[in-house]
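Colleague: You'll find start33.cif just under this line, and it carries mmCIF, C-alpha atoms.
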```cif
data_final
#
loop_
_atom_site.label_atom_id
_atom_site.label_comp_id
_atom_site.auth_asym_id
_atom_site.auth_seq_id
_atom_site.Cartn_x
_atom_site.Cartn_y
_atom_site.Cartn_z
CA MET A 1483 274.07 103.35 184.82
CA PRO A 1484 274.42 104.70 181.25
CA PHE A 1485 271.43 103.86 179.07
CA LEU A 1486 273.41 102.01 176.39
CA LEU A 1487 275.23 99.87 178.95
CA MET A 1488 271.92 98.92 180.58
CA ARG A 1489 270.48 97.96 177.19
CA LEU A 1490 273.48 95.75 176.51
CA ARG A 1491 273.16 94.06 179.90
CA LYS A 1492 269.47 93.38 179.30
CA LEU A 1493 270.21 91.93 175.89
CA ALA A 1494 272.96 89.71 177.29
CA LYS A 1495 270.66 88.47 180.06
CA SER A 1496 267.97 87.62 177.52
CA VAL A 1497 270.33 85.86 175.11
CA PHE A 1498 271.73 83.54 177.80
CA CYS A 1499 268.41 82.91 179.60
CA PRO A 1500 266.11 80.41 177.84
CA ALA A 1501 263.13 81.77 179.81
CA CYS A 1502 263.62 85.09 177.98
CA TRP A 1503 263.94 83.80 174.43
CA HIS A 1504 260.24 84.03 173.57
CA ALA A 1505 260.09 87.62 174.85
CA LEU A 1506 263.34 88.52 173.10
CA ALA A 1507 261.90 87.34 169.80
CA LEU A 1508 259.13 89.90 170.37
CA GLY A 1509 261.62 92.67 171.15
CA VAL A 1510 261.08 92.59 174.92
CA THR A 1511 263.87 92.27 177.48
CA PRO A 1512 263.45 92.05 181.27
CA THR A 1513 264.14 95.07 183.45
CA ILE A 1514 267.08 93.35 185.09
CA GLU A 1515 267.89 96.37 187.26
CA HIS A 1516 264.93 95.43 189.47
CA ILE A 1517 265.73 91.72 189.88
CA PRO A 1518 268.16 91.93 192.86
CA LEU A 1519 265.54 93.79 194.90
CA ILE A 1520 262.60 91.59 193.92
CA GLU A 1521 264.58 88.46 194.83
CA VAL A 1522 264.90 89.48 198.48
CA LEU A 1523 261.32 90.64 199.03
CA ASP A 1524 258.94 88.25 200.79
CA VAL A 1525 255.81 88.55 198.64
CA ASP A 1526 252.79 86.43 197.74
CA GLY A 1527 251.82 88.38 194.63
CA ILE A 1528 252.71 91.35 192.44
CA ILE A 1529 250.56 94.17 191.05
CA ASP A 1530 252.27 95.68 188.01
CA VAL A 1531 250.75 99.12 187.33
CA GLY A 1532 252.11 100.40 184.04
CA GLY A 1533 252.82 96.97 182.62
CA ASN A 1534 253.88 98.33 179.23
CA ARG A 1535 255.15 95.41 177.08
CA GLY A 1536 255.66 93.06 180.02
CA GLN A 1537 259.30 93.75 180.84
CA PHE A 1538 258.82 94.26 184.60
CA SER A 1539 256.52 91.24 184.87
CA LEU A 1540 259.20 89.23 183.06
CA ALA A 1541 261.80 90.37 185.58
CA CYS A 1542 259.45 89.30 188.38
CA GLN A 1543 259.08 85.85 186.85
CA LEU A 1544 262.85 85.50 186.68
CA ALA A 1545 263.25 86.64 190.29
CA LYS A 1546 260.23 84.77 191.73
CA LYS A 1547 259.25 81.82 189.56
CA ASP A 1548 255.49 81.18 189.42
CA ILE A 1549 254.65 84.34 191.38
CA PRO A 1550 251.07 85.48 190.55
CA ILE A 1551 250.97 88.85 188.79
CA VAL A 1552 248.12 91.22 187.97
CA ALA A 1553 249.23 93.85 185.45
CA PHE A 1554 247.55 96.97 184.07
CA GLU A 1555 248.36 98.56 180.70
CA PRO A 1556 246.08 101.01 178.82
CA ILE A 1557 247.85 101.36 175.45
CA PRO A 1558 246.40 98.75 173.04
CA SER A 1559 249.62 98.13 171.09
CA GLU A 1560 251.67 97.65 174.27
CA ALA A 1561 248.99 95.44 175.83
CA GLU A 1562 248.98 93.29 172.69
CA THR A 1563 252.73 92.72 173.01
CA PHE A 1564 252.33 92.00 176.74
CA ARG A 1565 249.84 89.26 175.92
CA LYS A 1566 252.15 87.77 173.31
CA VAL A 1567 254.95 87.66 175.89
CA HIS A 1568 252.94 86.34 178.83
CA GLY A 1569 249.73 84.97 177.34
CA ALA A 1570 250.66 81.34 177.96
CA ASN A 1571 251.39 81.97 181.64
CA GLU A 1572 248.31 81.29 183.78
CA ASP A 1573 249.92 83.07 186.72
CA ILE A 1574 249.78 86.43 184.92
CA VAL A 1575 246.58 88.42 184.37
CA LEU A 1576 246.55 91.57 182.24
CA ILE A 1577 243.87 94.26 182.53
CA GLU A 1578 243.85 96.65 179.59
CA SER A 1579 243.14 99.82 181.55
CA ALA A 1580 244.76 102.80 183.21
CA LEU A 1581 244.35 103.34 186.95
CA GLY A 1582 243.40 106.45 188.87
CA GLU A 1583 241.49 107.96 191.76
CA THR A 1584 238.12 107.68 189.98
CA ALA A 1585 236.81 105.25 187.38
CA GLY A 1586 235.74 106.34 183.92
CA GLU A 1587 237.56 107.43 180.78
CA ALA A 1588 240.48 109.80 180.27
CA THR A 1589 242.80 111.18 177.61
CA LEU A 1590 246.15 109.46 177.43
CA HIS A 1591 248.99 111.54 176.02
CA LEU A 1592 251.04 109.26 173.78
CA SER A 1593 254.79 109.70 173.80
CA ASN A 1594 257.15 108.86 170.97
CA ARG A 1595 258.43 106.33 173.51
CA ALA A 1596 255.31 104.48 174.60
CA ASP A 1597 256.59 103.88 178.14
CA SER A 1598 256.73 107.66 178.68
CA SER A 1599 253.02 108.14 177.84
CA SER A 1600 250.85 109.59 180.61
CA LEU A 1601 247.37 110.65 181.63
CA LEU A 1602 249.05 114.01 182.25
CA PRO A 1603 250.31 116.32 179.49
CA ILE A 1604 254.00 115.78 178.77
CA GLY A 1605 255.83 118.74 180.28
CA LYS A 1606 258.55 120.96 178.85
CA ARG A 1607 261.14 119.67 181.33
CA GLN A 1608 260.47 116.07 180.26
CA THR A 1609 261.17 116.78 176.59
CA GLU A 1610 264.21 118.90 177.45
CA LEU A 1611 265.77 116.07 179.43
CA PHE A 1612 264.45 113.24 177.26
CA PRO A 1613 263.97 114.64 173.71
CA LYS A 1614 262.71 111.34 172.28
CA THR A 1615 259.64 111.40 174.56
CA VAL A 1616 257.71 114.18 172.76
CA GLU A 1617 253.94 113.80 172.45
CA VAL A 1618 252.78 112.21 169.19
CA GLY A 1619 249.04 112.02 169.80
CA THR A 1620 246.27 111.19 172.24
CA ILE A 1621 243.81 108.34 172.75
CA THR A 1622 240.87 107.81 175.08
CA VAL A 1623 241.39 104.98 177.56
CA SER A 1624 239.45 103.26 180.30
CA VAL A 1625 240.39 104.16 183.88
CA LYS A 1626 239.74 101.88 186.84
CA ARG A 1627 240.34 102.20 190.57
CA LEU A 1628 242.71 99.62 191.98
CA ASP A 1629 240.26 99.04 194.83
CA ASP A 1630 237.61 97.96 192.30
CA CYS A 1631 239.85 95.10 191.16
CA ALA A 1632 240.43 93.54 194.59
CA GLU A 1633 238.90 90.18 193.61
CA LEU A 1634 241.94 89.57 191.42
CA TRP A 1635 244.21 89.23 194.47
CA LYS A 1636 241.78 87.98 197.07
CA GLY A 1637 243.55 86.18 199.90
CA ARG A 1638 246.97 87.71 199.30
CA THR A 1639 248.32 89.83 202.13
CA SER A 1640 251.98 90.52 201.28
CA GLN A 1641 251.97 91.86 197.75
CA LEU A 1642 254.39 94.13 195.95
CA LEU A 1643 252.60 97.05 194.32
CA LYS A 1644 254.79 98.46 191.54
CA ILE A 1645 253.74 101.78 189.99
CA ASP A 1646 255.34 103.34 186.91
CA VAL A 1647 252.79 105.74 185.43
CA GLN A 1648 254.69 108.90 184.49
CA GLY A 1649 253.52 111.42 187.06
CA PHE A 1650 250.12 109.87 187.86
CA GLU A 1651 251.38 107.88 190.86
CA LEU A 1652 249.47 109.76 193.55
CA SER A 1653 246.17 109.41 191.69
CA VAL A 1654 246.72 105.66 191.41
CA LEU A 1655 247.42 105.45 195.14
CA LYS A 1656 244.34 107.49 196.03
CA GLY A 1657 242.26 104.87 194.25
CA ALA A 1658 244.02 102.08 196.18
CA SER A 1659 243.44 102.88 199.85
CA ASP A 1660 241.90 99.47 200.55
CA SER A 1661 244.25 97.58 198.23
CA LEU A 1662 247.25 98.90 200.14
CA LYS A 1663 246.11 96.73 203.05
CA ASN A 1664 246.92 93.70 200.88
CA CYS A 1665 250.40 95.01 200.10
CA LYS A 1666 253.60 94.71 202.08
CA TYR A 1667 255.67 96.78 199.66
CA VAL A 1668 255.11 99.69 197.28
CA TYR A 1669 257.77 100.21 194.61
CA VAL A 1670 257.13 103.41 192.74
CA GLU A 1671 258.96 105.62 190.26
CA CYS A 1672 258.81 109.19 191.56
CA SER A 1673 260.13 112.50 190.29
CA GLU A 1674 261.95 115.19 192.22
CA VAL A 1675 261.15 117.76 189.52
CA ALA A 1676 257.95 118.18 187.50
CA LEU A 1677 258.25 116.32 184.20
CA TYR A 1678 254.51 116.17 183.46
CA ASP A 1679 252.03 119.00 183.90
CA GLY A 1680 250.24 118.70 187.24
CA GLN A 1681 252.17 115.71 188.55
CA ALA A 1682 252.78 114.98 192.24
CA LEU A 1683 256.42 114.85 193.30
CA ARG A 1684 258.08 112.26 195.54
CA SER A 1685 257.44 114.24 198.74
CA GLU A 1686 253.68 114.14 198.12
CA VAL A 1687 253.71 110.43 197.31
CA SER A 1688 255.76 109.72 200.44
CA GLU A 1689 253.40 111.74 202.63
CA PHE A 1690 250.36 109.88 201.30
CA LEU A 1691 251.97 106.48 201.85
CA LYS A 1692 253.02 107.54 205.34
CA THR A 1693 249.35 108.05 206.24
CA HIS A 1694 248.80 104.42 205.19
CA ASN A 1695 251.64 103.13 207.39
CA PHE A 1696 254.29 102.78 204.69
CA SER A 1697 257.83 103.96 205.34
CA GLU A 1698 260.41 104.80 202.68
CA GLN A 1699 263.19 102.19 202.84
CA GLY A 1700 265.37 102.71 199.80
CA ARG A 1701 266.12 104.54 196.55
CA TYR A 1702 267.04 102.68 193.37
CA ASN A 1703 268.01 103.45 189.77
CA PRO A 1704 268.41 107.23 190.21
CA GLN A 1705 268.61 109.47 187.16
CA PHE A 1706 270.52 112.74 187.34
CA SER A 1707 270.85 115.79 185.11
CA ASN A 1708 273.85 118.06 185.71
CA GLY A 1709 274.16 116.69 189.23
CA GLU A 1710 270.46 117.21 190.03
CA LEU A 1711 268.37 114.17 190.97
CA VAL A 1712 265.49 113.99 188.49
CA GLN A 1713 263.74 110.74 189.34
CA ALA A 1714 264.28 107.33 190.90
CA ASP A 1715 262.50 104.18 192.04
CA TYR A 1716 261.56 104.22 195.74
CA LEU A 1717 260.71 101.26 197.95
CA TYR A 1718 258.13 101.70 200.72
CA VAL A 1719 257.50 99.03 203.34
CA ARG A 1720 254.40 98.62 205.47
CA VAL A 1721 255.26 99.15 209.14
#
```
Starting from the file, give its structure as C-alpha coordinates.

Modeller:
Amino acid sequence: MPFLLMRLRKLAKSVFCPACWHALALGVTPTIEHIPLIEVLDVDGIIDVGGNRGQFSLACQLAKKDIPIVAFEPIPSEAETFRKVHGANEDIVLIESALGETAGEATLHLSNRADSSSLLPIGKRQTELFPKTVEVGTITVSVKRLDDCAELWKGRTSQLLKIDVQGFELSVLKGASDSLKNCKYVYVECSEVALYDGQALRSEVSEFLKTHNFSEQGRYNPQFSNGELVQADYLYVRV
(Lines of atoms letter the chains of each structure in order from A and count residues from 1; the text may use other names and numbers.)
(Lines give C-alpha, C1' and ligand atoms only; values in the text may rest on other atoms or scores of the structure.)
Protein backbone atom coordinates (compact mmCIF):
# COMPACT_ATOMS: atom_id res chain seq x y z
CA MET A 1 0.00 0.00 0.00
CA PRO A 2 1.41 3.45 -0.87
CA PHE A 3 3.00 5.18 2.11
CA LEU A 4 0.81 8.29 1.99
CA LEU A 5 -2.39 6.25 1.78
CA MET A 6 -1.32 4.18 4.80
CA ARG A 7 -0.58 7.35 6.76
CA LEU A 8 -4.02 8.70 5.95
CA ARG A 9 -5.68 5.45 7.02
CA LYS A 10 -3.80 5.48 10.33
CA LEU A 11 -4.79 9.08 10.94
CA ALA A 12 -8.44 8.34 10.17
CA LYS A 13 -8.41 5.34 12.50
CA SER A 14 -6.95 7.46 15.29
CA VAL A 15 -9.36 10.36 14.80
CA PHE A 16 -12.45 8.14 15.03
CA CYS A 17 -11.16 5.88 17.83
CA PRO A 18 -11.34 7.43 21.32
CA ALA A 19 -8.77 4.89 22.58
CA CYS A 20 -6.23 6.50 20.21
CA TRP A 21 -6.82 10.16 21.05
CA HIS A 22 -4.19 10.37 23.79
CA ALA A 23 -1.57 8.79 21.51
CA LEU A 24 -2.63 10.97 18.58
CA ALA A 25 -2.07 14.08 20.68
CA LEU A 26 1.52 12.85 21.10
CA GLY A 27 1.94 12.27 17.37
CA VAL A 28 1.58 8.48 17.55
CA THR A 29 -0.83 6.45 15.44
CA PRO A 30 -1.38 2.67 15.63
CA THR A 31 0.13 0.40 12.99
CA ILE A 32 -3.29 -0.60 11.73
CA GLU A 33 -1.86 -2.84 9.01
CA HIS A 34 -1.11 -5.42 11.72
CA ILE A 35 -4.50 -5.39 13.46
CA PRO A 36 -6.36 -7.94 11.25
CA LEU A 37 -3.65 -10.53 11.90
CA ILE A 38 -3.32 -9.87 15.63
CA GLU A 39 -7.10 -10.17 16.07
CA VAL A 40 -7.14 -13.80 14.89
CA LEU A 41 -4.11 -15.02 16.84
CA ASP A 42 -4.73 -16.95 20.06
CA VAL A 43 -2.18 -15.37 22.41
CA ASP A 44 -1.77 -14.81 26.14
CA GLY A 45 0.85 -12.07 25.87
CA ILE A 46 2.93 -10.02 23.44
CA ILE A 47 6.65 -9.24 23.37
CA ASP A 48 7.25 -6.09 21.32
CA VAL A 49 10.93 -5.96 20.33
CA GLY A 50 11.61 -2.60 18.71
CA GLY A 51 8.79 -0.81 20.48
CA ASN A 52 9.73 2.59 19.04
CA ARG A 53 7.08 5.15 20.11
CA GLY A 54 4.47 2.53 21.01
CA GLN A 55 2.58 2.27 17.73
CA PHE A 56 2.64 -1.54 17.49
CA SER A 57 1.73 -1.94 21.17
CA LEU A 58 -1.17 0.45 20.54
CA ALA A 59 -2.36 -1.70 17.64
CA CYS A 60 -2.16 -4.75 19.91
CA GLN A 61 -4.30 -3.03 22.52
CA LEU A 62 -6.90 -2.20 19.88
CA ALA A 63 -6.89 -5.78 18.59
CA LYS A 64 -6.67 -7.54 21.98
CA LYS A 65 -7.94 -5.33 24.78
CA ASP A 66 -6.06 -5.76 28.07
CA ILE A 67 -3.45 -8.09 26.54
CA PRO A 68 -0.21 -7.95 28.60
CA ILE A 69 2.72 -6.51 26.65
CA VAL A 70 6.45 -6.37 27.36
CA ALA A 71 8.18 -3.92 25.01
CA PHE A 72 11.84 -3.10 24.39
CA GLU A 73 13.12 0.21 23.00
CA PRO A 74 16.72 1.49 23.31
CA ILE A 75 16.45 5.07 21.98
CA PRO A 76 15.77 7.41 24.94
CA SER A 77 13.62 9.90 23.03
CA GLU A 78 11.43 7.16 21.54
CA ALA A 79 11.16 5.36 24.89
CA GLU A 80 10.06 8.63 26.50
CA THR A 81 7.23 8.97 23.99
CA PHE A 82 6.30 5.30 24.47
CA ARG A 83 5.91 5.92 28.20
CA LYS A 84 3.77 8.99 27.58
CA VAL A 85 1.50 6.93 25.32
CA HIS A 86 1.25 3.81 27.49
CA GLY A 87 2.47 4.86 30.92
CA ALA A 88 -0.99 4.70 32.50
CA ASN A 89 -1.58 1.15 31.27
CA GLU A 90 -0.54 -1.40 33.90
CA ASP A 91 -0.68 -4.18 31.30
CA ILE A 92 2.27 -2.70 29.39
CA VAL A 93 5.88 -2.85 30.60
CA LEU A 94 8.66 -1.02 28.75
CA ILE A 95 12.34 -1.97 29.06
CA GLU A 96 14.67 0.73 27.75
CA SER A 97 17.20 -1.58 26.11
CA ALA A 98 18.18 -3.19 22.84
CA LEU A 99 18.21 -6.98 22.53
CA GLY A 100 20.86 -9.28 21.11
CA GLU A 101 22.72 -12.56 21.39
CA THR A 102 24.91 -11.34 24.26
CA ALA A 103 24.31 -8.79 27.02
CA GLY A 104 26.40 -5.66 27.40
CA GLU A 105 26.61 -2.37 25.54
CA ALA A 106 26.68 -1.58 21.82
CA THR A 107 26.73 1.30 19.37
CA LEU A 108 23.35 2.18 17.93
CA HIS A 109 23.40 3.86 14.53
CA LEU A 110 20.76 6.58 14.60
CA SER A 111 18.75 7.15 11.45
CA ASN A 112 17.11 10.38 10.40
CA ARG A 113 13.95 8.30 10.86
CA ALA A 114 14.30 6.87 14.35
CA ASP A 115 12.46 3.65 13.50
CA SER A 116 15.16 2.83 10.92
CA SER A 117 17.99 3.01 13.50
CA SER A 118 19.98 -0.19 14.03
CA LEU A 119 22.79 -1.85 15.92
CA LEU A 120 24.20 -2.46 12.44
CA PRO A 121 25.63 0.27 10.19
CA ILE A 122 23.04 1.63 7.78
CA GLY A 123 23.89 0.21 4.38
CA LYS A 124 24.13 1.88 0.98
CA ARG A 125 21.11 -0.03 -0.35
CA GLN A 126 18.97 1.21 2.54
CA THR A 127 19.69 4.87 1.83
CA GLU A 128 19.26 4.35 -1.91
CA LEU A 129 15.79 2.89 -1.43
CA PHE A 130 14.82 5.05 1.55
CA PRO A 131 16.79 8.34 1.28
CA LYS A 132 15.30 9.80 4.47
CA THR A 133 16.88 7.06 6.60
CA VAL A 134 20.51 8.28 6.43
CA GLU A 135 22.63 8.00 9.57
CA VAL A 136 22.69 11.14 11.72
CA GLY A 137 24.78 9.94 14.65
CA THR A 138 25.47 7.15 17.12
CA ILE A 139 24.75 6.48 20.78
CA THR A 140 25.79 3.75 23.19
CA VAL A 141 22.89 1.63 24.43
CA SER A 142 22.33 -1.24 26.81
CA VAL A 143 21.83 -4.68 25.25
CA LYS A 144 20.00 -7.51 26.99
CA ARG A 145 19.24 -11.10 26.05
CA LEU A 146 15.55 -11.89 25.80
CA ASP A 147 16.16 -15.04 27.83
CA ASP A 148 17.42 -12.91 30.73
CA CYS A 149 14.04 -11.18 30.94
CA ALA A 150 11.91 -14.33 31.25
CA GLU A 151 10.47 -13.34 34.64
CA LEU A 152 8.48 -10.64 32.88
CA TRP A 153 6.28 -13.24 31.13
CA LYS A 154 6.42 -16.09 33.60
CA GLY A 155 3.45 -18.43 33.19
CA ARG A 156 2.59 -17.40 29.64
CA THR A 157 2.88 -20.14 27.04
CA SER A 158 1.27 -18.76 23.87
CA GLN A 159 2.88 -15.40 23.29
CA LEU A 160 3.41 -13.42 20.12
CA LEU A 161 7.02 -12.35 19.72
CA LYS A 162 7.20 -9.38 17.35
CA ILE A 163 10.64 -8.30 16.14
CA ASP A 164 11.35 -5.13 14.15
CA VAL A 165 15.03 -4.29 14.66
CA GLN A 166 16.40 -3.31 11.25
CA GLY A 167 18.63 -6.25 10.33
CA PHE A 168 19.43 -7.46 13.86
CA GLU A 169 16.62 -10.03 13.96
CA LEU A 170 18.80 -13.15 14.01
CA SER A 171 20.91 -11.84 16.89
CA VAL A 172 17.75 -11.16 18.90
CA LEU A 173 16.52 -14.69 18.23
CA LYS A 174 19.86 -16.25 19.20
CA GLY A 175 19.45 -14.63 22.60
CA ALA A 176 15.91 -16.00 22.90
CA SER A 177 16.26 -19.77 22.56
CA ASP A 178 14.51 -20.43 25.87
CA SER A 179 11.99 -17.61 25.46
CA LEU A 180 10.80 -19.10 22.18
CA LYS A 181 9.37 -21.98 24.23
CA ASN A 182 6.92 -19.46 25.73
CA CYS A 183 5.87 -18.23 22.28
CA LYS A 184 3.31 -19.62 19.89
CA TYR A 185 4.00 -17.07 17.16
CA VAL A 186 6.97 -15.07 15.89
CA TYR A 187 6.15 -12.05 13.73
CA VAL A 188 9.31 -10.57 12.30
CA GLU A 189 10.26 -8.01 9.67
CA CYS A 190 12.86 -9.61 7.39
CA SER A 191 14.77 -8.42 4.36
CA GLU A 192 15.36 -10.23 1.10
CA VAL A 193 18.27 -7.92 0.26
CA ALA A 194 20.93 -6.50 2.58
CA LEU A 195 19.88 -3.05 3.79
CA TYR A 196 22.23 -2.93 6.79
CA ASP A 197 25.86 -4.00 6.84
CA GLY A 198 26.19 -7.56 8.15
CA GLN A 199 22.49 -8.28 8.50
CA ALA A 200 20.93 -11.74 8.23
CA LEU A 201 18.37 -12.18 5.46
CA ARG A 202 14.99 -13.89 5.68
CA SER A 203 16.35 -17.31 4.67
CA GLU A 204 18.73 -17.31 7.64
CA VAL A 205 16.03 -16.20 10.06
CA SER A 206 13.68 -18.88 8.72
CA GLU A 207 16.32 -21.59 9.06
CA PHE A 208 17.03 -20.63 12.68
CA LEU A 209 13.34 -20.63 13.59
CA LYS A 210 12.91 -23.97 11.86
CA THR A 211 15.44 -25.51 14.26
CA HIS A 212 13.19 -24.27 17.09
CA ASN A 213 10.06 -25.85 15.59
CA PHE A 214 8.59 -22.74 13.98
CA SER A 215 7.16 -22.89 10.48
CA GLU A 216 6.64 -19.92 8.16
CA GLN A 217 2.89 -19.41 7.71
CA GLY A 218 2.43 -16.10 5.94
CA ARG A 219 3.91 -12.93 4.44
CA TYR A 220 2.44 -9.50 5.16
CA ASN A 221 3.04 -5.87 4.19
CA PRO A 222 5.59 -6.55 1.43
CA GLN A 223 7.68 -3.69 0.06
CA PHE A 224 8.96 -3.83 -3.51
CA SER A 225 11.45 -1.83 -5.55
CA ASN A 226 11.20 -2.11 -9.34
CA GLY A 227 9.37 -5.41 -8.96
CA GLU A 228 11.95 -6.85 -6.53
CA LEU A 229 10.78 -7.86 -3.06
CA VAL A 230 12.86 -5.89 -0.56
CA GLN A 231 11.33 -6.75 2.81
CA ALA A 232 8.13 -7.91 4.47
CA ASP A 233 6.65 -9.06 7.77
CA TYR A 234 6.65 -12.86 8.18
CA LEU A 235 4.55 -14.93 10.57
CA TYR A 236 6.03 -18.12 12.04
CA VAL A 237 3.95 -20.58 14.05
CA ARG A 238 5.22 -23.14 16.51
CA VAL A 239 4.47 -26.66 15.25

Colleague: Return as a PyMOL selection string the set of residues that the PyMOL selection byres ((chain A and resi 1671) around 12) yields on the displayed structure.

Modeller: chain A and resi 1516+1531-1532+1598+1643-1652+1668-1670+1672-1674+1682-1684+1687-1688+1700-1705+1712-1718

Colleague: Name the closest residue to Leu1540 (chain A) among the candidates A:Val1525, A:Ala1505, A:Ile1520, A:Val1721; distances are taken between atoms, counting only C-alpha atoms.

Modeller: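 Of A:Val1525, A:Ala1505, A:Ile1520, A:Val1721, the one nearest Leu1540 (chain A) is A:Ala1505, counting only C-alpha atoms.
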
Colleague: For Leu1506 (chain A), which of A:Thr1563, A:Ser1599, A:Asn1534, A:Gln1699 is the closest residue, counting all atoms listed in the file?

Modeller: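 Checking each of A:Thr1563, A:Ser1599, A:Asn1534, A:Gln1699 against Leu1506 (chain A), counting all atoms listed in the file, the winner is A:Thr1563.
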
Colleague: For the file shown, what are the residues hit by the PyMOL selection byres ((chain A and resi 1567) around 7), laid out as a VMD selection string?

Modeller: chain A and resid 1504 to 1505 1536 1563 to 1566 1568 to 1569

Colleague: (250.8, 106.0, 208.4) in this file's frame - what residues fall within 12 Å of it? Use all atoms listed in the file and give the answer as a VMD selection string.

Modeller: chain A and resid 1659 1662 to 1663 1688 to 1698 1718 to 1721

Colleague: When you look at Glu1560 (chain A) with a cut-off of 8 Å (counting all atoms listed in the file), what residues show up, excluding the ones that are within fewer than 5 positions of it in the same chain? I need them as number ranges by chain.

Modeller: A: 1534-1535, 1555, 1596

Colleague: Please provide as a list in words all residues within 10 Å of Thr1639 (chain A), with the sequence filter that same-chain residues fewer than 3 positions apart are discarded (counting all atoms listed in the file).

Modeller: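 Using all atoms listed in the file, the neighbours found are Val1525, Asp1526, Gly1527, Trp1635, Lys1636, Leu1642, Ser1661, Leu1662, Lys1663, Asn1664, Cys1665 and Lys1666 of chain A.
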
Colleague: Quick one: write out the picked residues with C-alpha atoms as an mmCIF file, keeping the file's coordinate frame?

Modeller:
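To be explicit, this is the file written out as result03.cif:
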```cif
data_model
loop_
_atom_site.group_PDB
_atom_site.id
_atom_site.type_symbol
_atom_site.label_atom_id
_atom_site.label_comp_id
_atom_site.auth_asym_id
_atom_site.auth_seq_id
_atom_site.Cartn_x
_atom_site.Cartn_y
_atom_site.Cartn_z
ATOM 1 C CA VAL A 1525 255.810 88.550 198.640
ATOM 2 C CA ASP A 1526 252.790 86.430 197.740
ATOM 3 C CA GLY A 1527 251.820 88.380 194.630
ATOM 4 C CA TRP A 1635 244.210 89.230 194.470
ATOM 5 C CA LYS A 1636 241.780 87.980 197.070
ATOM 6 C CA LEU A 1642 254.390 94.130 195.950
ATOM 7 C CA SER A 1661 244.250 97.580 198.230
ATOM 8 C CA LEU A 1662 247.250 98.900 200.140
ATOM 9 C CA LYS A 1663 246.110 96.730 203.050
ATOM 10 C CA ASN A 1664 246.920 93.700 200.880
ATOM 11 C CA CYS A 1665 250.400 95.010 200.100
ATOM 12 C CA LYS A 1666 253.600 94.710 202.080
#
```

Colleague: Starting from the shown file, work through the PyMOL selection byres ((chain A and resi 1587) around 6) and note down what comes out as a list in words.

Modeller: Gly1586, Ala1588, Val1623, Ser1624 and Val1625 of chain A

Colleague: In Å to one decimal, how far is CA of Pro1558 (chain A) from CA of Glu1578 (chain A)?

Modeller: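 If I compute the distance from CA of Glu1578 (chain A) to CA of Pro1558 (chain A), I get 7.3 Å.
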
Colleague: Report, in Å with one decimal, the straight-line distance from CA of Ser1559 (chain A) to CA of Ile1529 (chain A).

Modeller: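 Here the two named atoms are 20.4 Å from each other.
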
Colleague: Please identify all polymer residues within 12 Å of Ser1593 (chain A), counting all atoms listed in the file, omitting same-chain residues fewer than 3 positions from it, and present them as a ChimeraX atom specification.

Modeller: /A:1557,1590,1596-1605,1608-1609,1612-1621,1648,1678
